[in-house]
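Here's the structure we're looking at; comments come further down.
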Amino acid sequence: MADLRINLAGIQSPNPFWLASAPPTNSGYQVQRAFEAGWGGAVWKTLGDPILNVSSRFAALSFNGQRVAGFNNIELISDRPLDVNLKEIYETKKKFPNHAIIASLMVEPKQEKWHEIVKRVEDVGVDGLELNFGCPHGMAERGMGAASGQVPALVEKQTYWVKEVAKTPVIVKLTPNITDITATAEAACNGGADAISLINTINSLMGVDLDTWNTIPHVAGKGAHGGYCGPAVKPIALNMVAECARHPNVNVPISGIGGISNWKDAVEFMLMGATGVQVCTAAMHHGFRIVEDMIEGLSNYLDSKGIVSVSDIVGKSVPKYSDWGDLDLNYNIVARINTDVCINCNKCHIACEDTSHQCIDMLTDANGKSYLKVREEDCVGCNLCSIVCPVDGAIDMIEVPRELPPMTWNERQAALNGSLTCNVDVTN
Amino acid sequence: MSDYQQYLEERDKIDYFIQKGYLISNVKEHLNGATVDFVHPNRKVTETLLIGNANARKYFSSLLIQQKQRT
């Protein structure tokens, strides 16, 4: 059986599955139940300046029968006294010494405030700290969370203040509510961060009630933007993790967060550079015991590939992630319809005819039977037909034998820019 | 005319000059595609093609890269 242990910037964990700082890690009771279920670590729900919460806090997006495809919350950080949380962290760590407990922290951007809270949480034996520069709602209106995390200089400075006194590894949790997350990732590194975690939640309004015209959720008829997470945000999170992983100035381990719901999602994040992953929405939807499937699935996957340690997959797909300008313009694929499998629903034809490149013909064979055929010379390989096809295996995307050597946009532009004075020897 | 037919036509025009020994001497890109100048090394003759098809623009670009690698 593969070794699932990870070491993220010095924080050891029996497996890469951590609970993210959120409602599931609000108390010692919950974190201990999570560890008993098999979670390798937990980032304790953010400790920090006093807050008050509202009632009606969560909303979810159901999409075509999948419940909780997306999740929105307007809950703030822990509303429990710091001393209560610290006592429960101490007790939990004592009971589970081999599991990782990371304290998520959020205070006003003042040096003395960061120093005070870091010292207090480290005194009870946490394995690491996570600086919450990401929560987009409520706290941001008070200058904390995402409000801090959107300003690289503030990220760097606050990280530096923490590092002045921290004895345990410092993870900086980044907000996705920014144009370029590598800017704040780099700032965290410049401030001395030992690791980064991403993404926090995305600014969102889940919906509007068509009868009452209230927002969803609403608090006595008023709403405010919340933080969006869950499966729907995974592609956004995965891209941001990958962008950080391949950035030359972001050279710290990454804890991946964002819509991770099963072991496959976790593997994708790790291949794209995450040393470990954090999970929240899936646990809120299905309970702590989903980690059993995650551990088993990951273990089986690694065994099937002959990989002895989960750490060996970290970052393996990062070199495959590049800029658009470095993609091969002369690589071609086309759609091919397997008529034996196709049910002639015509969805591919309609999609192609109406919204793509009009290259799927509806034909009739000699026996009068309808069939669909791709005019491969006109197919641009957009994938749309295979995406909308309801039958697995009915449409394959096939590589076309290469007619021209590989050529990227950047190579082309370099050749064109050089060609305008190209060395053509014109003689009489 | 399909994009593919347009590609074939424009590729044939490019090939015509290339097979006669012309070299791509200048490319001007604009909103309608690219204006490509061909010049024959042994004659003071310049020929010009307007290449609008996207695959044909890939095609002459690939030829240009090959041409630069030879010179």
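How things are named: the first chain in the structure tokens is A, the next is B, and so on; residues count from 1 in each chain; ligands count from 1 in the order shown.
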
Show me, as a PDB file with C-alpha atoms, in the first residue's frame, every residue of chain B with an atom at most 12 Å from chain A, counting only C-alpha atoms.
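Contents of result.pdb, freshly written:
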ATOM      1  CA  MET B   1     -17.368  27.750 -50.157  1.00  0.00           C
ATOM      2  CA  SER B   2     -16.337  25.808 -47.079  1.00  0.00           C
ATOM      3  CA  ASP B   3     -13.381  26.913 -44.984  1.00  0.00           C
ATOM      4  CA  TYR B   4     -11.607  23.773 -46.096  1.00  0.00           C
ATOM      5  CA  GLN B   5     -12.098  24.569 -49.786  1.00  0.00           C
ATOM      6  CA  GLN B   6     -10.865  28.079 -49.177  1.00  0.00           C
ATOM      7  CA  TYR B   7      -7.847  26.642 -47.393  1.00  0.00           C
ATOM      8  CA  LEU B   8      -7.067  24.350 -50.318  1.00  0.00           C
ATOM      9  CA  GLY B  21      11.382  28.905 -56.194  1.00  0.00           C
ATOM     10  CA  TYR B  22       9.889  32.002 -54.608  1.00  0.00           C
ATOM     11  CA  LEU B  23      10.608  32.860 -51.000  1.00  0.00           C
ATOM     12  CA  ILE B  24       8.363  34.657 -48.568  1.00  0.00           C
ATOM     13  CA  SER B  25       9.841  38.117 -48.292  1.00  0.00           C
ATOM     14  CA  ASN B  26       7.298  40.064 -46.332  1.00  0.00           C
ATOM     15  CA  VAL B  27       4.135  39.485 -44.348  1.00  0.00           C
ATOM     16  CA  LYS B  28       1.718  42.199 -43.378  1.00  0.00           C
ATOM     17  CA  GLU B  29      -1.064  41.113 -41.053  1.00  0.00           C
ATOM     18  CA  ALA B  34      -2.331  38.602 -44.169  1.00  0.00           C
ATOM     19  CA  THR B  35      -0.775  40.046 -47.264  1.00  0.00           C
ATOM     20  CA  VAL B  36       2.170  37.867 -48.155  1.00  0.00           C
ATOM     21  CA  ASP B  37       4.895  38.957 -50.532  1.00  0.00           C
ATOM     22  CA  PHE B  38       6.898  36.380 -52.431  1.00  0.00           C
ATOM     23  CA  VAL B  39      10.095  37.204 -54.172  1.00  0.00           C
ATOM     24  CA  HIS B  40      12.115  35.113 -56.575  1.00  0.00           C
ATOM     25  CA  PRO B  41      15.813  35.045 -55.714  1.00  0.00           C
ATOM     26  CA  ASN B  42      16.909  35.093 -59.333  1.00  0.00           C
ATOM     27  CA  ARG B  43      14.523  37.677 -60.659  1.00  0.00           C
ATOM     28  CA  LYS B  44      13.367  41.067 -59.501  1.00  0.00           C
ATOM     29  CA  VAL B  45       9.837  39.822 -59.355  1.00  0.00           C
ATOM     30  CA  THR B  46       7.576  40.188 -56.378  1.00  0.00           C
ATOM     31  CA  ALA B  54      -6.844  30.752 -40.871  1.00  0.00           C
ATOM     32  CA  ASN B  55      -5.373  27.375 -41.789  1.00  0.00           C
ATOM     33  CA  ALA B  56      -3.698  28.888 -44.815  1.00  0.00           C
ATOM     34  CA  ARG B  57      -2.143  31.503 -42.560  1.00  0.00           C
ATOM     35  CA  LYS B  58      -0.833  28.681 -40.390  1.00  0.00           C
ATOM     36  CA  TYR B  59       0.460  27.051 -43.573  1.00  0.00           C
ATOM     37  CA  PHE B  60       2.514  29.950 -44.879  1.00  0.00           C
ATOM     38  CA  SER B  61       3.766  30.599 -41.350  1.00  0.00           C
ATOM     39  CA  SER B  62       5.049  27.034 -41.127  1.00  0.00           C
ATOM     40  CA  LEU B  63       6.720  27.450 -44.515  1.00  0.00           C
ATOM     41  CA  LEU B  64       8.265  30.706 -43.372  1.00  0.00           C
ATOM     42  CA  ILE B  65       9.745  29.048 -40.295  1.00  0.00           C
ATOM     43  CA  GLN B  66      11.156  26.263 -42.484  1.00  0.00           C
ATOM     44  CA  GLN B  67      12.518  28.883 -44.885  1.00  0.00           C
ATOM     45  CA  LYS B  68      14.245  30.731 -42.048  1.00  0.00           C
ATOM     46  CA  GLN B  69      15.712  27.496 -40.737  1.00  0.00           C
ATOM     47  CA  ARG B  70      17.263  26.863 -44.162  1.00  0.00           C
ATOM     48  CA  THR B  71      18.761  30.314 -44.541  1.00  0.00           C
TER      49      THR B  71
END

>> Set the distance at 8 Å and use only C-alpha atoms: which residues neighbour stretch 283-300 of chain A once local chain neighbours fewer than 2 positions away are removed? I'd like the list as a PyMOL selection string.
In response: chain A and resi 1-2+4+15+17+24+33-34+37-39+68+262-264+267+279-281+302-304

Residues from last step as file, N, CA and C atoms, as a tab-separated table (two decimals), in the first residue's frame:
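Output file part_36.tsv follows:
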chain	number	residue	atom	x	y	z
A	1	MET	N	0.84	-1.20	0.00
A	1	MET	CA	0.00	0.00	0.00
A	1	MET	C	0.88	1.25	0.00
A	2	ALA	N	0.50	2.19	-0.84
A	2	ALA	CA	1.30	3.41	-0.99
A	2	ALA	C	1.32	4.21	0.31
A	4	LEU	N	0.76	7.37	2.21
A	4	LEU	CA	-0.08	8.56	2.00
A	4	LEU	C	0.37	9.74	2.84
A	15	ASN	N	-2.19	11.67	6.03
A	15	ASN	CA	-2.67	11.62	4.64
A	15	ASN	C	-2.87	13.06	4.17
A	17	PHE	N	-5.46	14.62	3.19
A	17	PHE	CA	-6.81	15.16	3.30
A	17	PHE	C	-7.00	15.93	4.60
A	24	PRO	N	-17.09	22.96	9.52
A	24	PRO	CA	-16.77	21.61	10.02
A	24	PRO	C	-15.66	21.58	11.07
A	33	ARG	N	-14.06	14.13	15.89
A	33	ARG	CA	-14.86	13.20	15.08
A	33	ARG	C	-14.26	13.04	13.69
A	34	ALA	N	-13.77	14.14	13.15
A	34	ALA	CA	-13.16	14.09	11.81
A	34	ALA	C	-11.90	13.23	11.82
A	37	ALA	N	-12.69	9.70	11.89
A	37	ALA	CA	-13.16	9.22	10.59
A	37	ALA	C	-12.00	8.99	9.63
A	38	GLY	N	-10.87	9.66	9.87
A	38	GLY	CA	-9.71	9.42	9.02
A	38	GLY	C	-9.05	10.65	8.42
A	39	TRP	N	-9.60	11.83	8.66
A	39	TRP	CA	-8.97	13.04	8.10
A	39	TRP	C	-7.56	13.19	8.67
A	68	VAL	N	-26.10	20.73	-4.23
A	68	VAL	CA	-24.86	21.35	-3.75
A	68	VAL	C	-23.75	21.30	-4.81
A	262	ASN	N	-13.67	14.40	-4.04
A	262	ASN	CA	-13.34	12.97	-4.02
A	262	ASN	C	-11.84	12.81	-4.27
A	263	TRP	N	-11.39	11.56	-4.27
A	263	TRP	CA	-9.95	11.34	-4.40
A	263	TRP	C	-9.42	11.78	-5.76
A	264	LYS	N	-10.26	11.69	-6.79
A	264	LYS	CA	-9.81	12.10	-8.12
A	264	LYS	C	-9.51	13.60	-8.16
A	267	VAL	N	-6.22	14.15	-6.49
A	267	VAL	CA	-5.08	13.79	-7.35
A	267	VAL	C	-4.82	14.90	-8.38
A	279	VAL	N	-10.62	20.30	2.29
A	279	VAL	CA	-11.99	20.00	1.84
A	279	VAL	C	-12.98	20.62	2.83
A	280	CYS	N	-14.04	21.18	2.30
A	280	CYS	CA	-15.10	21.67	3.18
A	280	CYS	C	-16.49	21.27	2.68
A	281	THR	N	-16.85	21.76	1.49
A	281	THR	CA	-18.22	21.59	1.04
A	281	THR	C	-18.63	20.12	0.96
A	302	LEU	N	-2.73	4.98	-6.50
A	302	LEU	CA	-1.27	4.97	-6.44
A	302	LEU	C	-0.73	3.55	-6.64
A	303	ASP	N	-1.39	2.59	-6.00
A	303	ASP	CA	-0.96	1.19	-6.16
A	303	ASP	C	-1.06	0.75	-7.63
A	304	SER	N	-2.16	1.16	-8.27
A	304	SER	CA	-2.36	0.73	-9.66
A	304	SER	C	-1.30	1.31	-10.58

> Expressed in Å to a single decimal, how great is the separation between atom CA of A:Cys189 and atom CA of A:Val162?
Replying inline: 12.7 Å

>> Taking 3 positions as the minimum chain separation for residues in the same chain, which residues sit within 12 Å of A:Gly192 when counting only C-alpha atoms? Answer as a ChimeraX atom specification.
In response: /A:155-166,169-172,185-189,195-196,250-252

> Using only C-alpha atoms, which residues sit within 7 Å of stretch 43-60 of chain A once same-chain residues fewer than 3 positions away are excluded, as a PyMOL selection string?
Replying inline: chain A and resi 19-23+25-26+68+70-79+82+101-107+206+216-219

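Across the model, the gap from atom CA of A:Lys373 to atom CA of A:Asp361 is 5.3 Å.
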
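Backbone DSSP over chain B yields strand (DSSP E) at Leu23, Ile24, Ser25, Asn26, Val27, Lys28, Glu29, His30, Gly33, Ala34, Thr35, Val36, Asp37, Phe38, Val39, Thr46, Glu47, Thr48, Leu49, Leu50 and Ile51 of chain B.
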
The selected residues should be written to file as a compact mmCIF listing (two decimals), in the first residue's frame (atoms: C-alpha atoms).
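Saved file part_19.txt follows:
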# COMPACT_ATOMS: atom_id res chain seq x y z
CA LEU B 23 10.61 32.86 -51.00
CA ILE B 24 8.36 34.66 -48.57
CA SER B 25 9.84 38.12 -48.29
CA ASN B 26 7.30 40.06 -46.33
CA VAL B 27 4.14 39.48 -44.35
CA LYS B 28 1.72 42.20 -43.38
CA GLU B 29 -1.06 41.11 -41.05
CA HIS B 30 -4.31 43.02 -40.99
CA GLY B 33 -5.80 38.13 -42.78
CA ALA B 34 -2.33 38.60 -44.17
CA THR B 35 -0.78 40.05 -47.26
CA VAL B 36 2.17 37.87 -48.15
CA ASP B 37 4.90 38.96 -50.53
CA PHE B 38 6.90 36.38 -52.43
CA VAL B 39 10.10 37.20 -54.17
CA THR B 46 7.58 40.19 -56.38
CA GLU B 47 4.21 38.50 -56.18
CA THR B 48 1.59 39.16 -53.53
CA LEU B 49 -1.17 37.00 -52.11
CA LEU B 50 -3.97 37.94 -49.75
CA ILE B 51 -4.35 34.99 -47.40

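Taking atom CA of A:Val118 and atom CA of A:Ala42 as the two end points, the separation is 17.4 Å.
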
>> Please identify the alpha helix (DSSP H) residues within stretch 32-152 of chain A (assignment by DSSP from backbone atoms) and present them as a PyMOL selection string.
In response: chain A and resi 32-37+82-95+111-122+146-149+152

Output file for the residues above (C-alpha atoms, as a JSON list (two decimals), in the first residue's frame):
[["chain", "number", "residue", "atom", "x", "y", "z"],
["A", 32, "GLN", "CA", -12.00, 14.89, 16.90],
["A", 33, "ARG", "CA", -14.86, 13.20, 15.08],
["A", 34, "ALA", "CA", -13.16, 14.09, 11.81],
["A", 35, "PHE", "CA", -9.85, 12.61, 12.92],
["A", 36, "GLU", "CA", -11.61, 9.46, 14.06],
["A", 37, "ALA", "CA", -13.16, 9.22, 10.59],
["A", 82, "LEU", "CA", -10.59, 32.37, 22.00],
["A", 83, "ASP", "CA", -9.83, 30.62, 25.28],
["A", 84, "VAL", "CA", -12.50, 28.00, 24.59],
["A", 85, "ASN", "CA", -11.07, 27.29, 21.16],
["A", 86, "LEU", "CA", -7.53, 27.13, 22.53],
["A", 87, "LYS", "CA", -8.53, 24.68, 25.24],
["A", 88, "GLU", "CA", -10.21, 22.43, 22.68],
["A", 89, "ILE", "CA", -7.24, 22.64, 20.31],
["A", 90, "TYR", "CA", -4.96, 21.60, 23.17],
["A", 91, "GLU", "CA", -7.20, 18.67, 24.09],
["A", 92, "THR", "CA", -7.59, 17.57, 20.48],
["A", 93, "LYS", "CA", -3.88, 17.70, 19.80],
["A", 94, "LYS", "CA", -3.21, 15.71, 22.94],
["A", 95, "LYS", "CA", -5.67, 13.06, 21.84],
["A", 111, "GLN", "CA", 1.65, 44.12, 14.10],
["A", 112, "GLU", "CA", 0.82, 43.83, 17.79],
["A", 113, "LYS", "CA", -2.46, 42.05, 17.08],
["A", 114, "TRP", "CA", -0.75, 39.43, 14.91],
["A", 115, "HIS", "CA", 2.00, 38.94, 17.48],
["A", 116, "GLU", "CA", -0.47, 38.42, 20.29],
["A", 117, "ILE", "CA", -2.66, 35.85, 18.58],
["A", 118, "VAL", "CA", 0.26, 33.90, 17.10],
["A", 119, "LYS", "CA", 1.85, 33.50, 20.51],
["A", 120, "ARG", "CA", -1.41, 32.42, 22.11],
["A", 121, "VAL", "CA", -2.29, 29.73, 19.57],
["A", 122, "GLU", "CA", 1.24, 28.38, 19.38],
["A", 146, "ALA", "CA", -10.09, 39.49, 1.43],
["A", 147, "ALA", "CA", -9.67, 43.22, 1.96],
["A", 148, "SER", "CA", -6.17, 42.50, 3.22],
["A", 149, "GLY", "CA", -5.61, 39.71, 0.78],
["A", 152, "PRO", "CA", -0.03, 42.49, -2.12]]
